[in-house]
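Shown next: final_26.cif, containing mmCIF, C-alpha atoms, pLDDT in the B column; chains and numbers go by the auth columns.
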```cif
data_model
#
loop_
_atom_site.group_PDB
_atom_site.id
_atom_site.type_symbol
_atom_site.label_atom_id
_atom_site.label_comp_id
_atom_site.label_asym_id
_atom_site.label_seq_id
_atom_site.Cartn_x
_atom_site.Cartn_y
_atom_site.Cartn_z
_atom_site.B_iso_or_equiv
_atom_site.auth_seq_id
_atom_site.auth_asym_id
ATOM 1 C CA ARG A 1 -13.075 -6.273 13.846 48.00 1 A
ATOM 2 C CA SER A 2 -12.346 -5.090 10.320 49.00 2 A
ATOM 3 C CA GLU A 3 -13.766 -1.946 8.807 49.00 3 A
ATOM 4 C CA VAL A 4 -14.278 -1.142 5.129 48.00 4 A
ATOM 5 C CA VAL A 5 -12.718 2.210 4.341 52.00 5 A
ATOM 6 C CA ASN A 6 -13.336 4.625 1.492 56.00 6 A
ATOM 7 C CA TRP A 7 -10.189 6.727 1.328 55.00 7 A
ATOM 8 C CA LEU A 8 -9.217 5.263 -2.058 56.00 8 A
ATOM 9 C CA ALA A 9 -11.667 7.659 -3.687 54.00 9 A
ATOM 10 C CA HIS A 10 -9.606 10.554 -2.279 53.00 10 A
ATOM 11 C CA LEU A 11 -6.181 9.370 -3.422 56.00 11 A
ATOM 12 C CA PRO A 12 -4.484 11.769 -5.824 56.00 12 A
ATOM 13 C CA HIS A 13 -3.361 8.687 -7.775 56.00 13 A
ATOM 14 C CA GLN A 14 -5.658 7.933 -10.655 54.00 14 A
ATOM 15 C CA ILE A 15 -5.437 5.479 -13.513 57.00 15 A
ATOM 16 C CA PRO A 16 -2.807 4.554 -14.684 55.00 16 A
ATOM 17 C CA PHE A 17 -0.967 5.118 -11.366 57.00 17 A
ATOM 18 C CA ARG A 18 -3.795 3.947 -9.098 59.00 18 A
ATOM 19 C CA ALA A 19 -2.713 0.493 -7.975 68.00 19 A
ATOM 20 C CA ALA A 20 -4.952 0.128 -4.933 73.00 20 A
ATOM 21 C CA THR A 21 -8.292 -1.466 -5.818 75.00 21 A
ATOM 22 C CA ALA A 22 -10.058 -2.149 -2.504 79.00 22 A
ATOM 23 C CA VAL A 23 -9.054 -1.874 1.135 84.00 23 A
ATOM 24 C CA ARG A 24 -10.318 -2.587 4.636 86.00 24 A
ATOM 25 C CA ARG A 25 -8.900 -1.627 8.008 87.00 25 A
ATOM 26 C CA ILE A 26 -8.038 -4.611 10.206 90.00 26 A
ATOM 27 C CA ASP A 27 -7.118 -2.521 13.266 91.00 27 A
ATOM 28 C CA GLU A 28 -5.453 0.808 14.103 89.00 28 A
ATOM 29 C CA THR A 29 -2.141 -0.152 12.489 93.00 29 A
ATOM 30 C CA THR A 30 -3.037 -2.702 9.803 94.00 30 A
ATOM 31 C CA VAL A 31 -4.928 -2.707 6.521 92.00 31 A
ATOM 32 C CA GLU A 32 -5.634 -5.402 3.959 93.00 32 A
ATOM 33 C CA GLY A 33 -6.014 -4.384 0.349 91.00 33 A
ATOM 34 C CA ILE A 34 -6.400 -5.754 -3.139 91.00 34 A
ATOM 35 C CA TYR A 35 -4.205 -4.959 -6.134 89.00 35 A
ATOM 36 C CA VAL A 36 -5.399 -6.334 -9.470 87.00 36 A
ATOM 37 C CA CYS A 37 -2.539 -6.568 -11.948 86.00 37 A
ATOM 38 C CA THR A 38 -3.536 -5.503 -15.459 81.00 38 A
ATOM 39 C CA ALA A 39 -1.848 -5.449 -18.844 78.00 39 A
ATOM 40 C CA ASN A 40 -2.330 -1.654 -18.794 76.00 40 A
ATOM 41 C CA ASP A 41 -0.051 -1.069 -15.785 73.00 41 A
ATOM 42 C CA VAL A 42 2.417 1.642 -16.828 69.00 42 A
ATOM 43 C CA LEU A 43 5.215 0.692 -14.443 75.00 43 A
ATOM 44 C CA PRO A 44 6.839 -2.709 -13.956 81.00 44 A
ATOM 45 C CA ILE A 45 4.402 -4.972 -12.118 82.00 45 A
ATOM 46 C CA GLY A 46 6.622 -5.338 -9.039 83.00 46 A
ATOM 47 C CA VAL A 47 6.800 -1.545 -8.743 82.00 47 A
ATOM 48 C CA MET A 48 3.013 -1.306 -9.058 83.00 48 A
ATOM 49 C CA ALA A 49 2.610 -3.908 -6.279 86.00 49 A
ATOM 50 C CA VAL A 50 4.787 -1.827 -3.927 85.00 50 A
ATOM 51 C CA GLU A 51 2.931 1.309 -5.021 83.00 51 A
ATOM 52 C CA ALA A 52 -0.351 -0.370 -4.102 85.00 52 A
ATOM 53 C CA MET A 53 0.969 -1.121 -0.620 87.00 53 A
ATOM 54 C CA ALA A 54 2.124 2.503 -0.249 85.00 54 A
ATOM 55 C CA GLN A 55 -1.313 3.726 -1.326 83.00 55 A
ATOM 56 C CA PHE A 56 -2.987 1.491 1.270 85.00 56 A
ATOM 57 C CA ALA A 57 -0.582 2.752 3.935 86.00 57 A
ATOM 58 C CA GLY A 58 -1.145 6.387 3.011 82.00 58 A
ATOM 59 C CA GLY A 59 -4.831 6.066 3.646 78.00 59 A
ATOM 60 C CA LEU A 60 -4.122 4.569 7.043 81.00 60 A
ATOM 61 C CA VAL A 61 -2.067 7.482 8.374 80.00 61 A
ATOM 62 C CA LEU A 62 -2.369 10.571 6.177 71.00 62 A
ATOM 63 C CA GLU A 63 -5.085 13.227 6.478 65.00 63 A
ATOM 64 C CA SER A 64 -3.884 14.947 3.322 63.00 64 A
ATOM 65 C CA GLN A 65 -1.404 14.166 0.621 70.00 65 A
ATOM 66 C CA GLY A 66 1.946 12.641 1.368 74.00 66 A
ATOM 67 C CA PHE A 67 4.660 10.940 -0.583 79.00 67 A
ATOM 68 C CA LEU A 68 6.719 7.785 -0.686 82.00 68 A
ATOM 69 C CA THR A 69 10.148 8.609 0.759 87.00 69 A
ATOM 70 C CA GLY A 70 11.881 5.253 0.801 88.00 70 A
ATOM 71 C CA ILE A 71 11.776 1.570 -0.001 89.00 71 A
ATOM 72 C CA HIS A 72 13.876 -0.924 1.942 91.00 72 A
ATOM 73 C CA ARG A 73 14.444 -4.609 1.237 90.00 73 A
ATOM 74 C CA CYS A 74 11.475 -4.992 -1.069 90.00 74 A
ATOM 75 C CA GLU A 75 11.561 -8.252 -2.958 92.00 75 A
ATOM 76 C CA VAL A 76 9.412 -9.729 -5.688 92.00 76 A
ATOM 77 C CA LEU A 77 9.352 -13.391 -4.718 94.00 77 A
ATOM 78 C CA ARG A 78 7.478 -14.801 -7.680 92.00 78 A
ATOM 79 C CA GLU A 79 6.389 -13.674 -11.108 89.00 79 A
ATOM 80 C CA ILE A 80 3.334 -11.423 -11.140 89.00 80 A
ATOM 81 C CA VAL A 81 1.353 -11.393 -14.378 89.00 81 A
ATOM 82 C CA PRO A 82 -1.690 -9.540 -15.709 88.00 82 A
ATOM 83 C CA GLY A 83 -4.826 -11.023 -14.211 90.00 83 A
ATOM 84 C CA ASP A 84 -3.220 -11.815 -10.852 92.00 84 A
ATOM 85 C CA VAL A 85 -5.104 -10.581 -7.803 94.00 85 A
ATOM 86 C CA MET A 86 -2.758 -9.752 -4.953 94.00 86 A
ATOM 87 C CA VAL A 87 -3.964 -9.532 -1.353 96.00 87 A
ATOM 88 C CA CYS A 88 -1.711 -7.114 0.512 94.00 88 A
ATOM 89 C CA VAL A 89 -1.364 -6.683 4.254 96.00 89 A
ATOM 90 C CA VAL A 90 0.322 -3.457 5.337 95.00 90 A
ATOM 91 C CA THR A 91 1.258 -2.676 8.939 96.00 91 A
ATOM 92 C CA LEU A 92 2.417 0.593 10.472 95.00 92 A
ATOM 93 C CA GLU A 93 5.590 -0.222 12.415 96.00 93 A
ATOM 94 C CA ALA A 94 6.679 3.224 13.589 96.00 94 A
ATOM 95 C CA ALA A 95 5.875 6.917 13.333 92.00 95 A
ATOM 96 C CA PHE A 96 8.460 9.697 13.614 89.00 96 A
ATOM 97 C CA GLY A 97 6.562 12.982 13.511 84.00 97 A
ATOM 98 C CA GLY A 98 5.276 13.168 9.956 86.00 98 A
ATOM 99 C CA THR A 99 7.298 10.170 8.705 91.00 99 A
ATOM 100 C CA PHE A 100 5.951 6.625 8.883 93.00 100 A
ATOM 101 C CA ARG A 101 7.548 3.191 8.463 95.00 101 A
ATOM 102 C CA PHE A 102 5.504 0.251 7.195 95.00 102 A
ATOM 103 C CA SER A 103 6.025 -3.385 6.394 96.00 103 A
ATOM 104 C CA GLY A 104 3.961 -5.065 3.747 95.00 104 A
ATOM 105 C CA THR A 105 3.401 -8.397 2.085 96.00 105 A
ATOM 106 C CA GLY A 106 1.446 -9.350 -0.986 95.00 106 A
ATOM 107 C CA GLN A 107 0.120 -12.819 -1.699 96.00 107 A
ATOM 108 C CA ILE A 108 -1.329 -14.355 -4.842 96.00 108 A
ATOM 109 C CA ASP A 109 -3.388 -17.487 -4.276 96.00 109 A
ATOM 110 C CA GLY A 110 -1.993 -17.696 -0.723 95.00 110 A
ATOM 111 C CA VAL A 111 1.651 -17.636 -1.875 96.00 111 A
ATOM 112 C CA ASP A 112 3.972 -14.734 -0.992 95.00 112 A
ATOM 113 C CA ALA A 113 4.697 -12.640 -4.071 95.00 113 A
ATOM 114 C CA VAL A 114 6.071 -9.349 -2.678 94.00 114 A
ATOM 115 C CA LYS A 115 7.399 -8.251 0.698 95.00 115 A
ATOM 116 C CA GLY A 116 9.274 -5.291 2.039 93.00 116 A
ATOM 117 C CA ARG A 117 9.404 -2.178 4.128 94.00 117 A
ATOM 118 C CA PHE A 118 8.710 1.351 2.978 90.00 118 A
ATOM 119 C CA TYR A 119 8.422 4.898 4.288 92.00 119 A
ATOM 120 C CA LEU A 120 5.884 7.660 3.766 89.00 120 A
ATOM 121 C CA ALA A 121 5.978 11.316 4.777 88.00 121 A
ATOM 122 C CA SER A 122 3.101 13.692 5.307 82.00 122 A
ATOM 123 C CA ASN A 123 2.823 16.985 3.433 75.00 123 A
ATOM 124 C CA GLU A 124 0.749 18.403 6.278 67.00 124 A
ATOM 125 C CA HIS A 125 -1.116 16.651 9.070 52.00 125 A
ATOM 126 C CA ALA A 126 -1.210 13.011 9.990 49.00 126 A
ATOM 127 C CA LYS A 127 -4.201 11.183 11.381 53.00 127 A
ATOM 128 C CA THR A 128 -4.101 10.693 15.120 49.00 128 A
#
```
Final structure tokens representation of the file:
Amino acid sequence: RSEVVNWLAHLPHQIPFRAATAVRRIDETTVEGIYVCTANDVLPIGVMAVEAMAQFAGGLVLESQGFLTGIHRCEVLREIVPGDVMVCVVTLEAAFGGTFRFSGTGQIDGVDAVKGRFYLASNEHAKT
């Protein structure tokens, strides 16, 4: 059973660094979110797609602010252009105290566009 979540309103990231547009929880370890690519994105589009996945993940596990600590084997598999709507699925793979490992994929029109693994760390307390 999926659940619509509202943590995006509490992200410290705001325009132009807010990449996450909408998100819903699939289960305790997985979220699905939307990233809408715009011509106003300030970072390269592939970076913004990974940032969106990190923002979705942060809402899944962090009670307060955290930060992206690592990116591993992230690949942009096809060109992403302004106007594309990417559906991202992010899954928590492991937790090590206040550090979390995720895998994520992003699809545009059902075709893989981005995939990879990334790490987040909590500044304070993690959700239990």
Selection result of the PyMOL selection byres ((chain A and resi 113) around 12) on this file, as a PyMOL selection string: chain A and resi 35+45-46+49-50+74-81+84-89+104-112+114-116
Result set of the PyMOL selection byres ((chain A and resi 68) around 9) on the coordinates above, as a PyMOL selection string: chain A and resi 51+54+58+66-67+69-71+118-121
One-decimal distance in Å that lies between CA of Cys37 in chain A and CA of Thr99 in chain A: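 Going from CA of Thr99 in chain A over to CA of Cys37 in chain A covers 28.3 Å.
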Nearest residue to Ser122 in chain A from the set A:Ala20, A:Met48, A:Ala95, A:Ile26 (distances using only C-alpha atoms):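 Checking each candidate against Ser122 in chain A, we get A:Ala95 as the closest.
Proximity ranking of A:Ala52, A:Val23, A:Leu43, A:Val31 relative to Leu92 in chain A places A:Val31 first, based on all atoms listed in the file.
Atom pair CA of Thr30 in chain A / CA of Arg101 in chain A has a distance of 12.2 Å (rounded to one decimal).
Taking all atoms listed in the file into account, Phe56 in chain A lies nearest to A:Gly33 out of the set A:Glu28, A:Gly33, A:Phe102, A:Gly97.
The smallest atom-to-atom distance between Asn123 in chain A and any of A:Gly98, A:Gly83, A:Gly59, A:Pro44, using all atoms listed in the file, is found for A:Gly98.
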Per-axis box centre and lengths in Å around range 71-84 of chain A, 3 Å margin per side, axis-aligned, as JSON:
```
{"center_x": 4.8, "center_y": -6.6, "center_z": -6.9, "size_x": 25.3, "size_y": 22.4, "size_z": 23.7}
```
Atomic distance CA of Glu32 in chain A - CA of Leu62 in chain A, expressed in Å with one decimal: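 Rounded to one decimal, the two atoms are 16.5 Å apart.
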Incomplete range 83-106 of chain A filled out to N, CA and C atoms as an mmCIF file, keeping the file's coordinate frame:
```cif
data_model
loop_
_atom_site.group_PDB
_atom_site.id
_atom_site.type_symbol
_atom_site.label_atom_id
_atom_site.label_comp_id
_atom_site.auth_asym_id
_atom_site.auth_seq_id
_atom_site.Cartn_x
_atom_site.Cartn_y
_atom_site.Cartn_z
ATOM 1 N N GLY A 83 -3.750 -10.142 -14.634
ATOM 2 C CA GLY A 83 -4.826 -11.023 -14.211
ATOM 3 C C GLY A 83 -4.662 -11.509 -12.777
ATOM 4 N N ASP A 84 -3.436 -11.423 -12.243
ATOM 5 C CA ASP A 84 -3.220 -11.815 -10.852
ATOM 6 C C ASP A 84 -3.927 -10.843 -9.912
ATOM 7 N N VAL A 85 -4.477 -11.377 -8.856
ATOM 8 C CA VAL A 85 -5.104 -10.581 -7.803
ATOM 9 C C VAL A 85 -4.257 -10.771 -6.554
ATOM 10 N N MET A 86 -3.642 -9.689 -6.103
ATOM 11 C CA MET A 86 -2.758 -9.752 -4.953
ATOM 12 C C MET A 86 -3.467 -9.201 -3.717
ATOM 13 N N VAL A 87 -3.443 -9.976 -2.643
ATOM 14 C CA VAL A 87 -3.964 -9.532 -1.353
ATOM 15 C C VAL A 87 -2.776 -9.020 -0.548
ATOM 16 N N CYS A 88 -2.813 -7.754 -0.205
ATOM 17 C CA CYS A 88 -1.711 -7.114 0.512
ATOM 18 C C CYS A 88 -2.105 -6.830 1.951
ATOM 19 N N VAL A 89 -1.186 -7.063 2.861
ATOM 20 C CA VAL A 89 -1.364 -6.683 4.254
ATOM 21 C C VAL A 89 -0.236 -5.704 4.577
ATOM 22 N N VAL A 90 -0.632 -4.522 5.036
ATOM 23 C CA VAL A 90 0.322 -3.457 5.337
ATOM 24 C C VAL A 90 0.157 -3.066 6.801
ATOM 25 N N THR A 91 1.279 -2.984 7.519
ATOM 26 C CA THR A 91 1.258 -2.676 8.939
ATOM 27 C C THR A 91 2.165 -1.491 9.240
ATOM 28 N N LEU A 92 1.623 -0.533 9.984
ATOM 29 C CA LEU A 92 2.417 0.593 10.472
ATOM 30 C C LEU A 92 3.312 0.073 11.585
ATOM 31 N N GLU A 93 4.635 0.240 11.404
ATOM 32 C CA GLU A 93 5.590 -0.222 12.415
ATOM 33 C C GLU A 93 6.035 0.897 13.343
ATOM 34 N N ALA A 94 6.174 2.114 12.788
ATOM 35 C CA ALA A 94 6.679 3.224 13.589
ATOM 36 C C ALA A 94 6.273 4.544 12.947
ATOM 37 N N ALA A 95 6.159 5.564 13.798
ATOM 38 C CA ALA A 95 5.875 6.917 13.333
ATOM 39 C C ALA A 95 6.892 7.855 13.966
ATOM 40 N N PHE A 96 7.467 8.724 13.154
ATOM 41 C CA PHE A 96 8.460 9.697 13.614
ATOM 42 C C PHE A 96 7.979 11.062 13.158
ATOM 43 N N GLY A 97 7.134 11.710 13.954
ATOM 44 C CA GLY A 97 6.562 12.982 13.511
ATOM 45 C C GLY A 97 5.701 12.738 12.293
ATOM 46 N N GLY A 98 6.038 13.336 11.190
ATOM 47 C CA GLY A 98 5.276 13.168 9.956
ATOM 48 C C GLY A 98 5.832 12.113 9.023
ATOM 49 N N THR A 99 6.738 11.252 9.515
ATOM 50 C CA THR A 99 7.298 10.170 8.705
ATOM 51 C C THR A 99 6.855 8.840 9.313
ATOM 52 N N PHE A 100 6.513 7.894 8.438
ATOM 53 C CA PHE A 100 5.951 6.625 8.883
ATOM 54 C C PHE A 100 6.670 5.462 8.225
ATOM 55 N N ARG A 101 6.918 4.408 8.993
ATOM 56 C CA ARG A 101 7.548 3.191 8.463
ATOM 57 C C ARG A 101 6.522 2.059 8.489
ATOM 58 N N PHE A 102 6.450 1.344 7.370
ATOM 59 C CA PHE A 102 5.504 0.251 7.195
ATOM 60 C C PHE A 102 6.222 -1.003 6.730
ATOM 61 N N SER A 103 5.624 -2.143 7.036
ATOM 62 C CA SER A 103 6.025 -3.385 6.394
ATOM 63 C C SER A 103 4.802 -3.875 5.629
ATOM 64 N N GLY A 104 5.072 -4.566 4.548
ATOM 65 C CA GLY A 104 3.961 -5.065 3.747
ATOM 66 C C GLY A 104 4.300 -6.376 3.080
ATOM 67 N N THR A 105 3.262 -7.163 2.852
ATOM 68 C CA THR A 105 3.401 -8.397 2.085
ATOM 69 C C THR A 105 2.242 -8.467 1.103
ATOM 70 N N GLY A 106 2.495 -9.108 -0.004
ATOM 71 C CA GLY A 106 1.446 -9.350 -0.986
ATOM 72 C C GLY A 106 1.431 -10.811 -1.364
#
```
